[in-house]
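Colleague: Supplied structure: upload-v6.pdb, PDB, C-alpha atoms.
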```pdb
MODEL        1
ATOM      1  CA  MET A   1      -0.407  15.751  19.434  1.00  0.00           C
ATOM      2  CA  SER A   2       0.355  12.333  20.903  1.00  0.00           C
ATOM      3  CA  THR A   3       3.713  10.635  20.565  1.00  0.00           C
ATOM      4  CA  ASP A   4       1.955   7.766  18.747  1.00  0.00           C
ATOM      5  CA  VAL A   5       0.985  10.136  15.947  1.00  0.00           C
ATOM      6  CA  LEU A   6       4.447  11.691  15.906  1.00  0.00           C
ATOM      7  CA  SER A   7       6.172   8.319  15.686  1.00  0.00           C
ATOM      8  CA  SER A   8       3.892   6.803  13.042  1.00  0.00           C
ATOM      9  CA  PRO A   9       5.765   6.074   9.811  1.00  0.00           C
ATOM     10  CA  SER A  10       4.752   8.011   6.725  1.00  0.00           C
ATOM     11  CA  LEU A  11       2.606   6.326   4.104  1.00  0.00           C
ATOM     12  CA  SER A  12       5.467   6.318   1.601  1.00  0.00           C
ATOM     13  CA  LEU A  13       7.766   4.610   4.122  1.00  0.00           C
ATOM     14  CA  ARG A  14       5.135   2.026   4.979  1.00  0.00           C
ATOM     15  CA  LEU A  15       4.582   1.330   1.292  1.00  0.00           C
ATOM     16  CA  LYS A  16       8.294   0.856   0.712  1.00  0.00           C
ATOM     17  CA  GLN A  17       8.715  -1.444   3.702  1.00  0.00           C
ATOM     18  CA  GLU A  18       5.518  -3.453   3.435  1.00  0.00           C
ATOM     19  CA  THR A  19       5.694  -4.113  -0.303  1.00  0.00           C
ATOM     20  CA  GLU A  20       9.402  -5.003  -0.356  1.00  0.00           C
ATOM     21  CA  PRO A  21       8.694  -8.759  -0.759  1.00  0.00           C
ATOM     22  CA  GLN A  22       6.545  -7.965  -3.798  1.00  0.00           C
ATOM     23  CA  HIS A  23       9.255  -5.732  -5.227  1.00  0.00           C
ATOM     24  CA  LEU A  24      11.796  -8.530  -4.884  1.00  0.00           C
ATOM     25  CA  ARG A  25       9.362 -10.996  -6.482  1.00  0.00           C
ATOM     26  CA  MET A  26       9.004  -8.715  -9.529  1.00  0.00           C
ATOM     27  CA  HIS A  27      12.802  -8.570  -9.858  1.00  0.00           C
ATOM     28  CA  ALA A  28      12.949 -12.372  -9.796  1.00  0.00           C
ATOM     29  CA  LEU A  29      10.183 -12.692 -12.399  1.00  0.00           C
ATOM     30  CA  MET A  30      11.909 -10.174 -14.662  1.00  0.00           C
ATOM     31  CA  GLU A  31      15.178 -12.098 -14.416  1.00  0.00           C
ATOM     32  CA  ARG A  32      13.379 -15.272 -15.421  1.00  0.00           C
ATOM     33  CA  ALA A  33      11.491 -13.549 -18.251  1.00  0.00           C
ATOM     34  CA  GLN A  34      14.703 -12.251 -19.877  1.00  0.00           C
ATOM     35  CA  PRO A  35      12.858  -9.469 -21.734  1.00  0.00           C
ATOM     36  CA  PHE A  36      16.042  -7.967 -23.158  1.00  0.00           C
ATOM     37  CA  SER A  37      17.341 -11.167 -24.730  1.00  0.00           C
ATOM     38  CA  SER A  38      15.549 -10.354 -28.003  1.00  0.00           C
ATOM     39  CA  ARG A  39      13.215  -7.779 -29.475  1.00  0.00           C
ATOM     40  CA  GLU A  40      10.501 -10.429 -29.592  1.00  0.00           C
ATOM     41  CA  ARG A  41      10.723 -11.048 -25.858  1.00  0.00           C
ATOM     42  CA  TYR A  42      10.962  -7.334 -25.199  1.00  0.00           C
ATOM     43  CA  ALA A  43       7.742  -6.817 -27.176  1.00  0.00           C
ATOM     44  CA  GLY A  44       6.108  -9.240 -24.735  1.00  0.00           C
ATOM     45  CA  PHE A  45       7.273  -7.061 -21.876  1.00  0.00           C
ATOM     46  CA  VAL A  46       5.880  -3.940 -23.568  1.00  0.00           C
ATOM     47  CA  ALA A  47       2.542  -5.741 -23.948  1.00  0.00           C
ATOM     48  CA  VAL A  48       2.583  -6.349 -20.183  1.00  0.00           C
ATOM     49  CA  GLN A  49       3.346  -2.675 -19.631  1.00  0.00           C
ATOM     50  CA  TYR A  50       0.502  -1.699 -21.943  1.00  0.00           C
ATOM     51  CA  LEU A  51      -2.086  -3.776 -20.075  1.00  0.00           C
ATOM     52  CA  PHE A  52      -0.845  -2.644 -16.666  1.00  0.00           C
ATOM     53  CA  GLN A  53      -0.773   1.018 -17.653  1.00  0.00           C
ATOM     54  CA  ARG A  54      -4.276   0.675 -19.071  1.00  0.00           C
ATOM     55  CA  ASP A  55      -5.386  -0.510 -15.639  1.00  0.00           C
ATOM     56  CA  VAL A  56      -3.569   2.347 -13.920  1.00  0.00           C
ATOM     57  CA  GLU A  57      -4.654   5.161 -16.225  1.00  0.00           C
ATOM     58  CA  HIS A  58      -8.279   4.093 -15.861  1.00  0.00           C
ATOM     59  CA  LEU A  59      -7.914   5.402 -12.299  1.00  0.00           C
ATOM     60  CA  PHE A  60      -7.009   8.882 -13.559  1.00  0.00           C
ATOM     61  CA  ASP A  61     -10.695   9.487 -14.258  1.00  0.00           C
ATOM     62  CA  ASP A  62     -11.585   9.303 -10.555  1.00  0.00           C
ATOM     63  CA  PRO A  63     -12.043  12.838  -9.149  1.00  0.00           C
ATOM     64  CA  GLN A  64     -10.865  11.660  -5.721  1.00  0.00           C
ATOM     65  CA  VAL A  65      -7.618  10.365  -7.223  1.00  0.00           C
ATOM     66  CA  ARG A  66      -7.146  13.678  -8.997  1.00  0.00           C
ATOM     67  CA  ALA A  67      -7.693  15.511  -5.727  1.00  0.00           C
ATOM     68  CA  ALA A  68      -5.091  13.355  -3.960  1.00  0.00           C
ATOM     69  CA  VAL A  69      -2.291  13.386  -6.550  1.00  0.00           C
ATOM     70  CA  ASP A  70      -0.757  16.389  -8.236  1.00  0.00           C
ATOM     71  CA  ASP A  71      -0.119  16.488 -11.995  1.00  0.00           C
ATOM     72  CA  LEU A  72      -1.830  13.214 -12.930  1.00  0.00           C
ATOM     73  CA  ASP A  73      -1.982  14.278 -16.575  1.00  0.00           C
ATOM     74  CA  ALA A  74       1.827  14.316 -16.684  1.00  0.00           C
ATOM     75  CA  ARG A  75       1.992  10.718 -15.491  1.00  0.00           C
ATOM     76  CA  GLY A  76       1.303   7.331 -17.012  1.00  0.00           C
ATOM     77  CA  ARG A  77       2.847   5.453 -19.922  1.00  0.00           C
ATOM     78  CA  LEU A  78      -0.051   3.897 -21.806  1.00  0.00           C
ATOM     79  CA  ALA A  79       0.435   5.992 -24.953  1.00  0.00           C
ATOM     80  CA  ALA A  80       4.174   5.331 -24.835  1.00  0.00           C
ATOM     81  CA  ALA A  81       3.670   1.573 -24.576  1.00  0.00           C
ATOM     82  CA  LEU A  82       1.206   1.640 -27.476  1.00  0.00           C
ATOM     83  CA  ALA A  83       3.674   3.564 -29.650  1.00  0.00           C
ATOM     84  CA  ASP A  84       6.441   1.114 -28.726  1.00  0.00           C
ATOM     85  CA  LEU A  85       4.301  -1.862 -29.750  1.00  0.00           C
ATOM     86  CA  GLN A  86       3.710  -0.178 -33.089  1.00  0.00           C
ATOM     87  CA  ASP A  87       7.451   0.473 -33.501  1.00  0.00           C
ATOM     88  CA  LEU A  88       8.164  -3.188 -32.827  1.00  0.00           C
ATOM     89  CA  GLY A  89       5.447  -4.425 -35.184  1.00  0.00           C
ATOM     90  CA  ALA A  90       3.840  -6.226 -32.256  1.00  0.00           C
ATOM     91  CA  PRO A  91       0.096  -6.684 -31.789  1.00  0.00           C
ATOM     92  CA  VAL A  92      -1.734  -4.664 -29.175  1.00  0.00           C
ATOM     93  CA  PRO A  93      -2.924  -7.153 -26.545  1.00  0.00           C
ATOM     94  CA  GLU A  94      -6.658  -7.545 -26.281  1.00  0.00           C
ATOM     95  CA  GLU A  95      -8.115  -7.971 -22.836  1.00  0.00           C
ATOM     96  CA  ALA A  96     -11.648  -6.764 -22.338  1.00  0.00           C
ATOM     97  CA  ALA A  97     -11.718  -6.499 -18.566  1.00  0.00           C
ATOM     98  CA  LEU A  98      -9.871  -3.862 -16.592  1.00  0.00           C
ATOM     99  CA  ALA A  99      -8.247  -5.132 -13.408  1.00  0.00           C
ATOM    100  CA  THR A 100      -9.065  -1.783 -11.789  1.00  0.00           C
ATOM    101  CA  ALA A 101     -12.723  -1.641 -12.811  1.00  0.00           C
ATOM    102  CA  GLY A 102     -13.859  -1.800  -9.190  1.00  0.00           C
ATOM    103  CA  ILE A 103     -10.940   0.110  -7.659  1.00  0.00           C
ATOM    104  CA  ALA A 104     -11.379   3.554  -6.127  1.00  0.00           C
ATOM    105  CA  MET A 105      -9.678   5.725  -3.530  1.00  0.00           C
ATOM    106  CA  PRO A 106      -7.779   4.977  -1.386  1.00  0.00           C
ATOM    107  CA  ALA A 107      -6.687   1.646  -2.923  1.00  0.00           C
ATOM    108  CA  ALA A 108      -6.158   3.441  -6.236  1.00  0.00           C
ATOM    109  CA  LEU A 109      -3.190   5.266  -4.718  1.00  0.00           C
ATOM    110  CA  GLY A 110      -1.497   1.918  -4.160  1.00  0.00           C
ATOM    111  CA  TRP A 111      -1.786   1.130  -7.863  1.00  0.00           C
ATOM    112  CA  LEU A 112      -0.300   4.526  -8.686  1.00  0.00           C
ATOM    113  CA  TYR A 113       2.517   3.907  -6.217  1.00  0.00           C
ATOM    114  CA  VAL A 114       3.555   0.748  -8.067  1.00  0.00           C
ATOM    115  CA  SER A 115       3.328   2.437 -11.463  1.00  0.00           C
ATOM    116  CA  GLU A 116       5.189   5.568 -10.438  1.00  0.00           C
ATOM    117  CA  GLY A 117       7.801   3.632  -8.482  1.00  0.00           C
ATOM    118  CA  SER A 118       8.536   1.545 -11.544  1.00  0.00           C
ATOM    119  CA  THR A 119       9.572   4.695 -13.411  1.00  0.00           C
ATOM    120  CA  LEU A 120      12.606   4.940 -11.117  1.00  0.00           C
ATOM    121  CA  GLY A 121      13.689   1.369 -11.766  1.00  0.00           C
ATOM    122  CA  ALA A 122      13.050   1.851 -15.455  1.00  0.00           C
ATOM    123  CA  ALA A 123      16.297   3.825 -15.747  1.00  0.00           C
ATOM    124  CA  PHE A 124      18.209   0.526 -15.656  1.00  0.00           C
ATOM    125  CA  LEU A 125      15.714  -1.172 -17.975  1.00  0.00           C
ATOM    126  CA  PHE A 126      15.961   1.691 -20.449  1.00  0.00           C
ATOM    127  CA  LYS A 127      19.742   1.256 -20.561  1.00  0.00           C
ATOM    128  CA  GLU A 128      19.280  -2.457 -21.250  1.00  0.00           C
ATOM    129  CA  ALA A 129      16.835  -1.745 -24.087  1.00  0.00           C
ATOM    130  CA  ARG A 130      19.215   0.798 -25.576  1.00  0.00           C
ATOM    131  CA  ASP A 131      22.447  -1.157 -25.240  1.00  0.00           C
ATOM    132  CA  ARG A 132      21.190  -4.654 -26.002  1.00  0.00           C
ATOM    133  CA  LEU A 133      18.349  -4.015 -28.433  1.00  0.00           C
ATOM    134  CA  GLY A 134      19.214  -0.670 -30.035  1.00  0.00           C
ATOM    135  CA  LEU A 135      16.029   1.021 -28.856  1.00  0.00           C
ATOM    136  CA  SER A 136      15.573   4.608 -27.694  1.00  0.00           C
ATOM    137  CA  SER A 137      13.182   7.136 -26.211  1.00  0.00           C
ATOM    138  CA  GLY A 138      12.086   7.851 -29.782  1.00  0.00           C
ATOM    139  CA  PHE A 139      11.740   4.248 -30.928  1.00  0.00           C
ATOM    140  CA  GLY A 140      10.664   1.179 -29.013  1.00  0.00           C
ATOM    141  CA  ALA A 141      11.616   2.221 -25.475  1.00  0.00           C
ATOM    142  CA  ARG A 142       9.354   5.194 -24.838  1.00  0.00           C
ATOM    143  CA  ASN A 143       7.620   3.298 -22.021  1.00  0.00           C
ATOM    144  CA  LEU A 144      10.932   3.138 -20.138  1.00  0.00           C
ATOM    145  CA  ALA A 145      12.081   6.692 -20.793  1.00  0.00           C
ATOM    146  CA  ALA A 146      12.202   9.334 -18.084  1.00  0.00           C
ATOM    147  CA  TYR A 147       9.538  11.971 -17.741  1.00  0.00           C
ATOM    148  CA  PRO A 148      10.604  15.278 -19.377  1.00  0.00           C
ATOM    149  CA  GLU A 149      11.294  16.755 -15.922  1.00  0.00           C
ATOM    150  CA  GLY A 150      13.353  13.748 -14.868  1.00  0.00           C
ATOM    151  CA  ARG A 151      12.498  10.663 -12.866  1.00  0.00           C
ATOM    152  CA  ALA A 152      13.487  11.885  -9.404  1.00  0.00           C
ATOM    153  CA  ARG A 153      11.621  15.190  -9.458  1.00  0.00           C
ATOM    154  CA  VAL A 154       8.326  13.665 -10.581  1.00  0.00           C
ATOM    155  CA  TRP A 155       8.706  10.844  -8.051  1.00  0.00           C
ATOM    156  CA  ARG A 156       9.334  13.305  -5.195  1.00  0.00           C
ATOM    157  CA  ARG A 157       6.144  15.176  -6.051  1.00  0.00           C
ATOM    158  CA  PHE A 158       4.212  11.913  -5.941  1.00  0.00           C
ATOM    159  CA  VAL A 159       5.677  11.017  -2.539  1.00  0.00           C
ATOM    160  CA  GLU A 160       4.719  14.469  -1.260  1.00  0.00           C
ATOM    161  CA  SER A 161       1.136  13.776  -2.340  1.00  0.00           C
ATOM    162  CA  LEU A 162       1.166  10.406  -0.569  1.00  0.00           C
ATOM    163  CA  ASP A 163       2.488  11.898   2.644  1.00  0.00           C
ATOM    164  CA  SER A 164       0.244  14.949   2.631  1.00  0.00           C
ATOM    165  CA  GLU A 165      -2.863  15.484   4.734  1.00  0.00           C
ATOM    166  CA  ARG A 166      -4.948  14.636   1.673  1.00  0.00           C
ATOM    167  CA  VAL A 167      -4.457  10.956   2.534  1.00  0.00           C
ATOM    168  CA  ALA A 168      -5.814  10.303   6.017  1.00  0.00           C
ATOM    169  CA  ALA A 169      -3.963   7.901   8.307  1.00  0.00           C
ATOM    170  CA  GLY A 170      -7.054   5.699   8.403  1.00  0.00           C
ATOM    171  CA  GLN A 171      -6.707   5.139   4.650  1.00  0.00           C
ATOM    172  CA  HIS A 172      -3.110   3.910   4.713  1.00  0.00           C
ATOM    173  CA  ASP A 173      -3.882   0.198   5.049  1.00  0.00           C
ATOM    174  CA  ALA A 174      -6.157   0.354   1.999  1.00  0.00           C
ATOM    175  CA  VAL A 175      -3.443   2.106  -0.029  1.00  0.00           C
ATOM    176  CA  ILE A 176      -0.984  -0.654   0.869  1.00  0.00           C
ATOM    177  CA  ALA A 177      -3.527  -3.309  -0.061  1.00  0.00           C
ATOM    178  CA  GLY A 178      -3.959  -1.560  -3.411  1.00  0.00           C
ATOM    179  CA  ALA A 179      -0.213  -1.619  -3.989  1.00  0.00           C
ATOM    180  CA  ASN A 180      -0.062  -5.337  -3.274  1.00  0.00           C
ATOM    181  CA  ALA A 181      -2.933  -5.928  -5.689  1.00  0.00           C
ATOM    182  CA  ALA A 182      -1.086  -3.929  -8.364  1.00  0.00           C
ATOM    183  CA  TYR A 183       2.076  -5.957  -7.859  1.00  0.00           C
ATOM    184  CA  ASP A 184       0.022  -9.143  -8.095  1.00  0.00           C
ATOM    185  CA  ARG A 185      -1.506  -7.949 -11.362  1.00  0.00           C
ATOM    186  CA  PHE A 186       1.864  -7.124 -12.902  1.00  0.00           C
ATOM    187  CA  GLY A 187       3.273 -10.448 -11.740  1.00  0.00           C
ATOM    188  CA  THR A 188       0.330 -12.349 -13.201  1.00  0.00           C
ATOM    189  CA  LEU A 189       0.791 -10.589 -16.531  1.00  0.00           C
ATOM    190  CA  LEU A 190       4.499 -11.437 -16.593  1.00  0.00           C
ATOM    191  CA  GLN A 191       3.827 -15.056 -15.736  1.00  0.00           C
ATOM    192  CA  ALA A 192       1.174 -15.410 -18.421  1.00  0.00           C
ATOM    193  CA  THR A 193       3.153 -13.621 -21.136  1.00  0.00           C
ATOM    194  CA  PHE A 194       6.425 -15.443 -20.551  1.00  0.00           C
ATOM    195  CA  ALA A 195       4.947 -18.791 -19.432  1.00  0.00           C
ATOM    196  CA  LEU A 196       6.589 -18.573 -16.016  1.00  0.00           C
ATOM    197  CA  ALA A 197       5.434 -21.108 -13.450  1.00  0.00           C
TER
ENDMDL
END
```
Take the structure I supplied and represent it as structure tokens, if you would.

Modeller:
Amino acid sequence: MSTDVLSSPSLSLRLKQETEPQHLRMHALMERAQPFSSRERYAGFVAVQYLFQRDVEHLFDDPQVRAAVDDLDARGRLAAALADLQDLGAPVPEEAALATAGIAMPAALGWLYVSEGSTLGAAFLFKEARDRLGLSSGFGARNLAAYPEGRARVWRRFVESLDSERVAAGQHDAVIAGANAAYDRFGTLLQATFALA
């Protein structure tokens, strides 16, 4: 095995490093959106989550995605976001087109990376929803709650899938492009929902 192969960064490390500007941009948009300043604004955030998770969970139907990622059925938060909207008395957003309609492997893994990575950061958001808005994992904040097994364990399994031989090195650039597209989609939804320039 050549030293070039040995020294190549893992896919998960490349994703973390190469999407860092996008990650920081999402933090800035969230700060501007102030989704925890009221239940009304928070409901807007849940609507964004709903549409984004609808895009992501559409990818679960792809057999190649299922072959690449373990325990897909235990992932995703579309049903949780829908239940939260109902708790909050907020309308379910209607958007006919799926942003992932033409997405397949390997770009699909990038979308999953953004979704699954957000479950780690959601620990802080869940605390905000609980402390500032009185919401919980049983009412209004299901979409931010941890997976039953815990955030870290489920995330580690996902990273193991990313860094396994199931994802060829030649596919890595496409996965990263998919992640950037997913970040762009979430950012666009935030900007539209909260009228952010």

Colleague: Counting all atoms listed in the file, which residues of segment 53-85 of chain A fall within 9 Å of segment 166-181 of chain A, and what is the closest atom pair for each with its distance in Å at one decimal, ordered by chain and rising number, as a Markdown table?

Modeller:
```
| residue | atom | partner | partner_atom | distance |
| --- | --- | --- | --- | --- |
| A:Ala67 | CA | A:Arg166 | CA | 7.9 |
| A:Ala68 | CA | A:Arg166 | CA | 5.8 |
| A:Val69 | CA | A:Arg166 | CA | 8.7 |
```

Colleague: On this structure, the PyMOL selection byres ((chain A and resi 71-84) around 7) would catch which residues? List them as a PDB file with C-alpha atoms, in the coordinates of the input, sorted by chain and number.

Modeller:
```
ATOM      1  CA  VAL A  46       5.880  -3.940 -23.568  1.00  0.00           C
ATOM      2  CA  GLN A  49       3.346  -2.675 -19.631  1.00  0.00           C
ATOM      3  CA  TYR A  50       0.502  -1.699 -21.943  1.00  0.00           C
ATOM      4  CA  GLN A  53      -0.773   1.018 -17.653  1.00  0.00           C
ATOM      5  CA  ARG A  54      -4.276   0.675 -19.071  1.00  0.00           C
ATOM      6  CA  GLU A  57      -4.654   5.161 -16.225  1.00  0.00           C
ATOM      7  CA  PHE A  60      -7.009   8.882 -13.559  1.00  0.00           C
ATOM      8  CA  ARG A  66      -7.146  13.678  -8.997  1.00  0.00           C
ATOM      9  CA  VAL A  69      -2.291  13.386  -6.550  1.00  0.00           C
ATOM     10  CA  ASP A  70      -0.757  16.389  -8.236  1.00  0.00           C
ATOM     11  CA  LEU A  85       4.301  -1.862 -29.750  1.00  0.00           C
ATOM     12  CA  GLN A  86       3.710  -0.178 -33.089  1.00  0.00           C
ATOM     13  CA  ASP A  87       7.451   0.473 -33.501  1.00  0.00           C
ATOM     14  CA  LEU A  88       8.164  -3.188 -32.827  1.00  0.00           C
ATOM     15  CA  PHE A 139      11.740   4.248 -30.928  1.00  0.00           C
ATOM     16  CA  GLY A 140      10.664   1.179 -29.013  1.00  0.00           C
ATOM     17  CA  ALA A 141      11.616   2.221 -25.475  1.00  0.00           C
ATOM     18  CA  ARG A 142       9.354   5.194 -24.838  1.00  0.00           C
ATOM     19  CA  ASN A 143       7.620   3.298 -22.021  1.00  0.00           C
TER      20      ASN A 143
END
```

Colleague: Please, which residues are within 12 Å of (9.2, 15.1, -14.7) by the file's coordinates, counting only C-alpha atoms, and could they come as a ChimeraX atom specification?

Modeller: /A:70-76,116,119-120,145-158

Colleague: Under the PyMOL selection byres ((chain A and resi 48) around 8), which residues of this model are included? Write them out as a count of residues only.

Modeller: 12

Colleague: Rounded to one decimal, what separation in Å do you get between atom CA of Glu94 of chain A and atom CA of Thr19 of chain A?

Modeller: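 Spanning atom CA of Glu94 of chain A to atom CA of Thr19 of chain A is a straight-line distance of 29.0 Å.
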
Colleague: In Å, rounded to a single decimal, give me how far atom CA of His58 of chain A is from atom CA of Leu125 of chain A.

Modeller: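 These atoms are spaced 24.7 Å apart.
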
Colleague: Using atom CA of Glu31 of chain A and atom CA of Arg132 of chain A as the two end points, give the distance in Å to one decimal.

Modeller: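 The value is 15.0 Å.
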
Colleague: Starting from the sparse input, extend segment 65-79 of chain A to N, CA and C atoms and give the output as a PDB file, keeping the file's coordinate frame.

Modeller:
```
ATOM      1  N   VAL A  65      -9.034  10.608  -6.921  1.00  0.00           N
ATOM      2  CA  VAL A  65      -7.618  10.365  -7.223  1.00  0.00           C
ATOM      3  C   VAL A  65      -6.974  11.667  -7.675  1.00  0.00           C
ATOM      4  N   ARG A  66      -7.673  12.393  -8.513  1.00  0.00           N
ATOM      5  CA  ARG A  66      -7.146  13.678  -8.997  1.00  0.00           C
ATOM      6  C   ARG A  66      -6.935  14.667  -7.853  1.00  0.00           C
ATOM      7  N   ALA A  67      -7.822  14.606  -6.867  1.00  0.00           N
ATOM      8  CA  ALA A  67      -7.693  15.511  -5.727  1.00  0.00           C
ATOM      9  C   ALA A  67      -6.517  15.125  -4.836  1.00  0.00           C
ATOM     10  N   ALA A  68      -6.154  13.842  -4.846  1.00  0.00           N
ATOM     11  CA  ALA A  68      -5.091  13.355  -3.960  1.00  0.00           C
ATOM     12  C   ALA A  68      -3.699  13.469  -4.556  1.00  0.00           C
ATOM     13  N   VAL A  69      -3.603  13.436  -5.889  1.00  0.00           N
ATOM     14  CA  VAL A  69      -2.291  13.386  -6.550  1.00  0.00           C
ATOM     15  C   VAL A  69      -2.135  14.562  -7.505  1.00  0.00           C
ATOM     16  N   ASP A  70      -1.046  15.271  -7.334  1.00  0.00           N
ATOM     17  CA  ASP A  70      -0.757  16.389  -8.236  1.00  0.00           C
ATOM     18  C   ASP A  70      -0.346  15.892  -9.611  1.00  0.00           C
ATOM     19  N   ASP A  71      -0.572  16.667 -10.609  1.00  0.00           N
ATOM     20  CA  ASP A  71      -0.119  16.488 -11.995  1.00  0.00           C
ATOM     21  C   ASP A  71      -0.349  15.101 -12.584  1.00  0.00           C
ATOM     22  N   LEU A  72      -1.541  14.543 -12.381  1.00  0.00           N
ATOM     23  CA  LEU A  72      -1.830  13.214 -12.930  1.00  0.00           C
ATOM     24  C   LEU A  72      -1.680  13.186 -14.444  1.00  0.00           C
ATOM     25  N   ASP A  73      -2.029  14.268 -15.109  1.00  0.00           N
ATOM     26  CA  ASP A  73      -1.982  14.278 -16.575  1.00  0.00           C
ATOM     27  C   ASP A  73      -0.555  14.156 -17.106  1.00  0.00           C
ATOM     28  N   ALA A  74       0.432  14.436 -16.263  1.00  0.00           N
ATOM     29  CA  ALA A  74       1.827  14.316 -16.684  1.00  0.00           C
ATOM     30  C   ALA A  74       2.367  12.913 -16.441  1.00  0.00           C
ATOM     31  N   ARG A  75       1.537  12.058 -15.869  1.00  0.00           N
ATOM     32  CA  ARG A  75       1.992  10.718 -15.491  1.00  0.00           C
ATOM     33  C   ARG A  75       1.399   9.657 -16.421  1.00  0.00           C
ATOM     34  N   GLY A  76       1.831   8.431 -16.221  1.00  0.00           N
ATOM     35  CA  GLY A  76       1.303   7.331 -17.012  1.00  0.00           C
ATOM     36  C   GLY A  76       2.093   7.091 -18.283  1.00  0.00           C
ATOM     37  N   ARG A  77       2.044   5.835 -18.757  1.00  0.00           N
ATOM     38  CA  ARG A  77       2.847   5.453 -19.922  1.00  0.00           C
ATOM     39  C   ARG A  77       2.077   4.601 -20.924  1.00  0.00           C
ATOM     40  N   LEU A  78       0.755   4.698 -20.891  1.00  0.00           N
ATOM     41  CA  LEU A  78      -0.051   3.897 -21.806  1.00  0.00           C
ATOM     42  C   LEU A  78       0.221   4.269 -23.261  1.00  0.00           C
ATOM     43  N   ALA A  79       0.198   5.559 -23.570  1.00  0.00           N
ATOM     44  CA  ALA A  79       0.435   5.992 -24.953  1.00  0.00           C
ATOM     45  C   ALA A  79       1.837   5.615 -25.406  1.00  0.00           C
TER      46      ALA A  79
END
```
